[in-house]
Amino acid sequence: MSHSFEQDYEEQLAMQDDLVMLREDLISELQAINQYESHIFNLENEEAVNTLEHIVEEEKEHIAELLRLIQNLDLAQAEKFKGIL
């Protein structure tokens, strides 16, 4: 059974919707890192600082995972990463 033009178009739209959501998630992760690092700079409690530093490292892992996923779904983006990573 072959795909029709309409099915291919709908799949492309769904993929674009997925990429929009993943890119928004990436933005949120970056914003979270900025917020945590700002808090770390202003906190006086060592335990709180250590906890937020740990969370920042986890957020950075999330960023790496999201970037890998976006590259897998967007071949044009993957080509851009090849040139710089």
# chains A, B, ... in the order shown; residues from 1 in each chain; ligands from 1
>>> residues_around(residues="Ala32 in chain A", least_positions_apart="6", cutoff="12 Å", atoms="only C-alpha atoms", output="list in words")
Asp25, Leu26, Ser38, His39, Leu52, Glu53, Ile55, Val56, Glu57, Glu58, Glu59, Lys60, His62 and Ile63 of chain A
>>> closest_residue(among="A:Glu79, A:Ile84, A:Asn50, A:Asn72", to="Leu19 in chain A", atoms="only C-alpha atoms")
A:Asn72
>>> atom_distance(atom1="CA of Glu11 in chain A", atom2="CA of Leu73 in chain A")
12.1 Å
>>> residues_around(residues="Met15 in chain A", least_positions_apart="5", cutoff="9 Å", atoms="only C-alpha atoms", output="list in words")
Glu10, Val20, Leu73 and Asp74 of chain A
>>> atom_distance(atom1="CA of Lys82 in chain A", atom2="CA of Leu22 in chain A")
19.6 Å
>>> atom_distance(atom1="CA of Ile70 in chain A", atom2="CA of Gln12 in chain A")
14.4 Å
>>> closest_residue(among="A:Leu30, A:Leu43, A:Met21, A:Ala14", to="Ala64 in chain A", atoms="only C-alpha atoms")
A:Leu30
